[in-house]
Amino acid sequence: MINPLQKKILILAVYAGEIMMKNGAEIYRVEDTIVRICKACGISHTEVFATPTGIFVSLDRGGEEDDTQTYIKRIQGTDTDLNKISMVNHFSREFTTTDLSVEEGMKILKKIDEQAPYPLPVRLLGASMIASFFCLIFGGSPIDFCIAFLTGAACYLLSVFLKKYEINFFIRGLCCCALAAFVAMTAASSIPIASYEPIIIGSIMIFVPGVAITNSIRDFLSGDMLSGVARMTEALLTAVSLAAGAGVILKIWDMIGGVVL
């Protein structure tokens with residue numbers, strides 16, 4: 001017979017893991033959070049297997065007459081929001097050290113999940129600063145800095161637009177970096193003192209999958225080989241899309257007799 005309270009605890013724990021997984025958390029962190037929430041509710045026998053595309057949880061109280069309950073949650077779409085991961089971490093610590101009820105915990109998690117990201121102007125400013133300052137790091141001049149600032153905003157805006165229509169990450173990266181290369185080449189051909197190389201590099205840095213690469217390595221070190229391979233593959237495919245987007249524009253520009261490469 002299904003224990004209603006145990007079912008609610010299971011749903012709560014998986015929901016916490018789902019929020020973390022969808023926002024770029026490491027596998028070991030997701031699994032540890034689910035186990036801690038279950039143990040805080042008196043469920044000592046908890047087995048969790050998490051991958052970037054799904055969470056599998058099985059639990060019971062350890063008694064001879066207890067029924068084992070299993071829950072499978074499909075994870076669709078991932079993003080990077082370290083603030084939500086931090087908030088779920090804080091929630092799990094609060095849940096395990098206080099007398100929060102399961103219902104109250106579910107309300108807190110829903111509030112975290114529904115929290116809106118930073119306003120678009122703030123994210124555009126961040127993307128512009130990433131592009132422009134990386135442009136300086138790679139040898140750009142002040143005029144390159146200004147061009148990269150505008151290019152970064154344009155590329156990020158295109159990424160947001162494509163994501164709205166659920167375009168996959170490979171096409172998004174390819175289109176955004178193609179736009180960055182096109183703007184950089186146009187600026188370099190129009191402004192003699194501008195250099196297209198640092199502008200392109202700075203703009204591409206917005207989309208480099210640094211979190212995915214870091215998490216894949218941490219998963220490897222934690223023994224989560226399946227997740228490590230999956231995330232590393234995703235990172236490599238993203239890198240290929242970035243290089244392809246910029247490379248196609250550079251090749252076309254050279255073929256039509258644009259700026260000498």
# chains A, B, ... in the order shown; residues from 1 in each chain; ligands from 1

$ residues_around --residues "Thr51 (chain A)" --least-positions-apart "3" --cutoff "7 Å" --atoms "only C-alpha atoms" --output "mmCIF file with N, CA, C and O atoms, in the first residue's frame"
data_model
loop_
_atom_site.group_PDB
_atom_site.id
_atom_site.type_symbol
_atom_site.label_atom_id
_atom_site.label_comp_id
_atom_site.auth_asym_id
_atom_site.auth_seq_id
_atom_site.Cartn_x
_atom_site.Cartn_y
_atom_site.Cartn_z
ATOM 1 N N ILE A 27 26.151 16.450 -10.697
ATOM 2 C CA ILE A 27 25.376 15.250 -10.386
ATOM 3 C C ILE A 27 25.449 14.917 -8.896
ATOM 4 O O ILE A 27 24.428 14.624 -8.268
ATOM 5 N N GLY A 54 17.727 12.791 -16.671
ATOM 6 C CA GLY A 54 16.726 12.108 -15.862
ATOM 7 C C GLY A 54 17.189 11.856 -14.439
ATOM 8 O O GLY A 54 18.386 11.777 -14.161
ATOM 9 N N ILE A 55 16.215 11.741 -13.521
ATOM 10 C CA ILE A 55 16.493 11.442 -12.110
ATOM 11 C C ILE A 55 15.676 10.214 -11.729
ATOM 12 O O ILE A 55 14.460 10.160 -11.961
ATOM 13 N N SER A 227 27.511 10.723 -16.613
ATOM 14 C CA SER A 227 27.211 12.150 -16.664
ATOM 15 C C SER A 227 28.393 12.947 -17.186
ATOM 16 O O SER A 227 28.229 13.895 -17.965
#

$ select_by_dssp --residues "region 11-243 of chain A" --states "strand (DSSP E or B)" --output "PyMOL selection string"
chain A and resi 45-51+54-60+69-74

$ residues_around --residues "Asp81 (chain A)" --least-positions-apart "3" --cutoff "8 Å" --atoms "only C-alpha atoms" --output "list in words"
Asn23, Gly24, Lys84 and Ile85 of chain A

$ atom_distance --atom1 "CA of Leu250 (chain A)" --atom2 "CA of Phe207 (chain A)"
18.4 Å

$ closest_residue --among "A:Asn168, A:Gln76, A:Ser222, A:Gln6" --to "Asp60 (chain A)" --atoms "only C-alpha atoms"
A:Gln6

$ residues_around --residues "Arg123 (chain A)" --least-positions-apart "5" --cutoff "12 Å" --atoms "only C-alpha atoms" --output "ChimeraX atom specification"
/A:117-118,128-130,152-157,159-160,206

$ select_by_dssp --residues "region 14-260 of chain A" --states "helix (DSSP H, G or I)" --output "PyMOL selection string"
chain A and resi 14-22+27-40+82-97+102-113+120-137+142-164+169-190+196-204+210-221+225-255

$ closest_atom_pairs --of "region 110-139 of chain A" --to "region 178-198 of chain A" --cutoff "8 Å" --atoms "only C-alpha atoms" --output "tab-separated table"
residue	atom	partner	partner_atom	distance
A:Phe134	CA	A:Pro198	CA	7.8
A:Cys135	CA	A:Pro198	CA	4.8
A:Leu136	CA	A:Pro198	CA	7.3
A:Phe138	CA	A:Pro198	CA	5.6
A:Gly139	CA	A:Pro198	CA	6.4

$ write_last_selection --atoms "N, CA, C and O atoms" --output "PDB file, in the first residue's frame"
ATOM      1  N   PHE A 134      36.971  40.682 -22.832  1.00  0.00           N
ATOM      2  CA  PHE A 134      37.767  39.607 -23.421  1.00  0.00           C
ATOM      3  C   PHE A 134      38.440  40.087 -24.700  1.00  0.00           C
ATOM      4  O   PHE A 134      39.539  39.639 -25.040  1.00  0.00           O
ATOM      5  N   CYS A 135      37.772  40.982 -25.402  1.00  0.00           N
ATOM      6  CA  CYS A 135      38.383  41.578 -26.593  1.00  0.00           C
ATOM      7  C   CYS A 135      39.675  42.292 -26.226  1.00  0.00           C
ATOM      8  O   CYS A 135      40.693  42.174 -26.920  1.00  0.00           O
ATOM      9  N   LEU A 136      39.663  43.035 -25.120  1.00  0.00           N
ATOM     10  CA  LEU A 136      40.880  43.716 -24.661  1.00  0.00           C
ATOM     11  C   LEU A 136      41.956  42.714 -24.263  1.00  0.00           C
ATOM     12  O   LEU A 136      43.139  42.900 -24.561  1.00  0.00           O
ATOM     13  N   PHE A 138      42.528  39.842 -25.434  1.00  0.00           N
ATOM     14  CA  PHE A 138      43.133  39.224 -26.619  1.00  0.00           C
ATOM     15  C   PHE A 138      43.707  40.260 -27.587  1.00  0.00           C
ATOM     16  O   PHE A 138      43.831  39.988 -28.779  1.00  0.00           O
ATOM     17  N   GLY A 139      44.062  41.415 -27.061  1.00  0.00           N
ATOM     18  CA  GLY A 139      44.810  42.383 -27.853  1.00  0.00           C
ATOM     19  C   GLY A 139      43.995  43.406 -28.612  1.00  0.00           C
ATOM     20  O   GLY A 139      44.515  44.049 -29.535  1.00  0.00           O
TER      21      GLY A 139
END

$ residues_around --residues "Lys8 (chain A)" --least-positions-apart "4" --cutoff "9 Å" --atoms "only C-alpha atoms" --output "PDB file with N, CA and C atoms, in the first residue's frame"
ATOM      1  N   ASN A   3       2.231   4.744   0.848  1.00  0.00           N
ATOM      2  CA  ASN A   3       2.201   5.665   1.982  1.00  0.00           C
ATOM      3  C   ASN A   3       2.095   7.095   1.430  1.00  0.00           C
ATOM      4  N   PRO A   4       0.982   7.806   1.712  1.00  0.00           N
ATOM      5  CA  PRO A   4       0.789   9.157   1.143  1.00  0.00           C
ATOM      6  C   PRO A   4       1.890  10.136   1.535  1.00  0.00           C
ATOM      7  N   LEU A  12       8.765  15.875  -3.318  1.00  0.00           N
ATOM      8  CA  LEU A  12       9.499  17.066  -2.876  1.00  0.00           C
ATOM      9  C   LEU A  12      10.984  16.936  -3.169  1.00  0.00           C
ATOM     10  N   ALA A  13      11.571  15.795  -2.823  1.00  0.00           N
ATOM     11  CA  ALA A  13      13.005  15.587  -3.015  1.00  0.00           C
ATOM     12  C   ALA A  13      13.375  15.612  -4.495  1.00  0.00           C
ATOM     13  N   VAL A 102       6.432  19.273   4.697  1.00  0.00           N
ATOM     14  CA  VAL A 102       6.588  18.960   3.276  1.00  0.00           C
ATOM     15  C   VAL A 102       5.822  19.964   2.424  1.00  0.00           C
ATOM     16  N   GLU A 103       4.634  20.349   2.868  1.00  0.00           N
ATOM     17  CA  GLU A 103       3.826  21.320   2.120  1.00  0.00           C
ATOM     18  C   GLU A 103       4.529  22.672   2.044  1.00  0.00           C
TER      19      GLU A 103
END

$ residues_around --residues "Phe56 (chain A)" --least-positions-apart "5" --cutoff "9 Å" --atoms "only C-alpha atoms" --output "mmCIF file with N, CA, C and O atoms, in the first residue's frame"
data_model
loop_
_atom_site.group_PDB
_atom_site.id
_atom_site.type_symbol
_atom_site.label_atom_id
_atom_site.label_comp_id
_atom_site.auth_asym_id
_atom_site.auth_seq_id
_atom_site.Cartn_x
_atom_site.Cartn_y
_atom_site.Cartn_z
ATOM 1 N N VAL A 14 12.561 14.944 -5.320
ATOM 2 C CA VAL A 14 12.843 14.915 -6.753
ATOM 3 C C VAL A 14 12.679 16.301 -7.368
ATOM 4 O O VAL A 14 13.441 16.687 -8.264
ATOM 5 N N GLU A 47 17.946 5.437 -2.591
ATOM 6 C CA GLU A 47 18.886 5.247 -3.684
ATOM 7 C C GLU A 47 18.552 6.237 -4.792
ATOM 8 O O GLU A 47 17.398 6.329 -5.218
ATOM 9 N N VAL A 48 19.577 6.962 -5.241
ATOM 10 C CA VAL A 48 19.372 7.988 -6.262
ATOM 11 C C VAL A 48 20.351 7.755 -7.403
ATOM 12 O O VAL A 48 21.542 7.536 -7.180
ATOM 13 N N PHE A 49 19.836 7.820 -8.617
ATOM 14 C CA PHE A 49 20.687 7.764 -9.804
ATOM 15 C C PHE A 49 20.262 8.914 -10.709
ATOM 16 O O PHE A 49 19.144 8.930 -11.219
ATOM 17 N N ALA A 50 21.152 9.884 -10.866
ATOM 18 C CA ALA A 50 20.828 11.082 -11.648
ATOM 19 C C ALA A 50 21.733 11.165 -12.869
ATOM 20 O O ALA A 50 22.916 10.821 -12.820
ATOM 21 N N THR A 51 21.153 11.596 -13.970
ATOM 22 C CA THR A 51 21.897 11.881 -15.193
ATOM 23 C C THR A 51 21.435 13.258 -15.684
ATOM 24 O O THR A 51 20.431 13.782 -15.184
ATOM 25 N N THR A 70 9.299 4.083 -6.212
ATOM 26 C CA THR A 70 10.271 4.549 -7.199
ATOM 27 C C THR A 70 9.655 5.678 -8.019
ATOM 28 O O THR A 70 8.481 5.622 -8.378
ATOM 29 N N TYR A 71 10.474 6.663 -8.290
ATOM 30 C CA TYR A 71 9.995 7.825 -9.053
ATOM 31 C C TYR A 71 11.026 8.145 -10.125
ATOM 32 O O TYR A 71 12.225 8.186 -9.851
ATOM 33 N N ILE A 72 10.557 8.372 -11.342
ATOM 34 C CA ILE A 72 11.427 8.727 -12.460
ATOM 35 C C ILE A 72 11.002 10.089 -12.988
ATOM 36 O O ILE A 72 9.820 10.301 -13.275
ATOM 37 N N LYS A 73 11.945 10.997 -13.096
ATOM 38 C CA LYS A 73 11.652 12.338 -13.586
ATOM 39 C C LYS A 73 12.522 12.647 -14.785
ATOM 40 O O LYS A 73 13.747 12.639 -14.701
ATOM 41 N N ARG A 74 11.882 12.922 -15.909
ATOM 42 C CA ARG A 74 12.595 13.289 -17.141
ATOM 43 C C ARG A 74 12.983 14.753 -17.080
ATOM 44 O O ARG A 74 12.163 15.617 -16.789
#

$ closest_residue --among "A:Leu236, A:Leu109, A:Leu120, A:Met225" --to "Phe161 (chain A)" --atoms "only C-alpha atoms"
A:Leu120

$ closest_residue --among "A:Trp253, A:Phe95, A:Phe170, A:Phe220" --to "Thr238 (chain A)" --atoms "only C-alpha atoms"
A:Phe170

$ atom_distance --atom1 "CA of Val30 (chain A)" --atom2 "CA of Gly77 (chain A)"
16.0 Å

$ residues_around --residues "Thr233 (chain A)" --least-positions-apart "5" --cutoff "10 Å" --atoms "only C-alpha atoms" --output "JSON, numbers by chain"
{"A": [212, 213, 216, 227, 228, 238, 239]}

$ write_last_selection --atoms "N, CA, C and O atoms" --output "short mmCIF file (atom, residue, chain, number, x, y, z; two decimals), in the first residue's frame"
data_model
loop_
_atom_site.label_atom_id
_atom_site.label_comp_id
_atom_site.auth_asym_id
_atom_site.auth_seq_id
_atom_site.Cartn_x
_atom_site.Cartn_y
_atom_site.Cartn_z
N ALA A 212 29.62 23.75 -18.28
CA ALA A 212 29.46 22.35 -18.68
C ALA A 212 30.78 21.60 -18.62
O ALA A 212 30.84 20.45 -18.17
N ILE A 213 31.86 22.25 -19.05
CA ILE A 213 33.18 21.61 -19.01
C ILE A 213 33.60 21.37 -17.55
O ILE A 213 34.08 20.29 -17.19
N SER A 216 31.52 18.59 -16.01
CA SER A 216 31.88 17.27 -16.54
C SER A 216 33.13 16.74 -15.85
O SER A 216 33.21 15.56 -15.50
N SER A 227 27.51 10.72 -16.61
CA SER A 227 27.21 12.15 -16.66
C SER A 227 28.39 12.95 -17.19
O SER A 227 28.23 13.89 -17.97
N GLY A 228 29.60 12.55 -16.78
CA GLY A 228 30.79 13.25 -17.25
C GLY A 228 30.95 13.18 -18.76
O GLY A 228 31.23 14.18 -19.41
N THR A 238 29.00 22.04 -28.51
CA THR A 238 28.80 23.49 -28.44
C THR A 238 30.02 24.22 -29.00
O THR A 238 29.88 25.19 -29.77
N ALA A 239 31.20 23.75 -28.64
CA ALA A 239 32.42 24.37 -29.15
C ALA A 239 32.51 24.25 -30.67
O ALA A 239 32.92 25.19 -31.36
#

$ atom_distance --atom1 "CA of Leu59 (chain A)" --atom2 "CA of Asp32 (chain A)"
14.1 Å

$ closest_residue --among "A:Ile204, A:Leu226, A:Ser101, A:Lys107" --to "Gly247 (chain A)" --atoms "only C-alpha atoms"
A:Ile204

$ closest_residue --among "A:Cys177, A:Met87, A:Ile171, A:Ile217" --to "Leu237 (chain A)" --atoms "only C-alpha atoms"
A:Ile171

$ closest_residue --among "A:Thr46, A:Ile37, A:Lys163, A:Pro142" --to "Thr97 (chain A)" --atoms "only C-alpha atoms"
A:Ile37
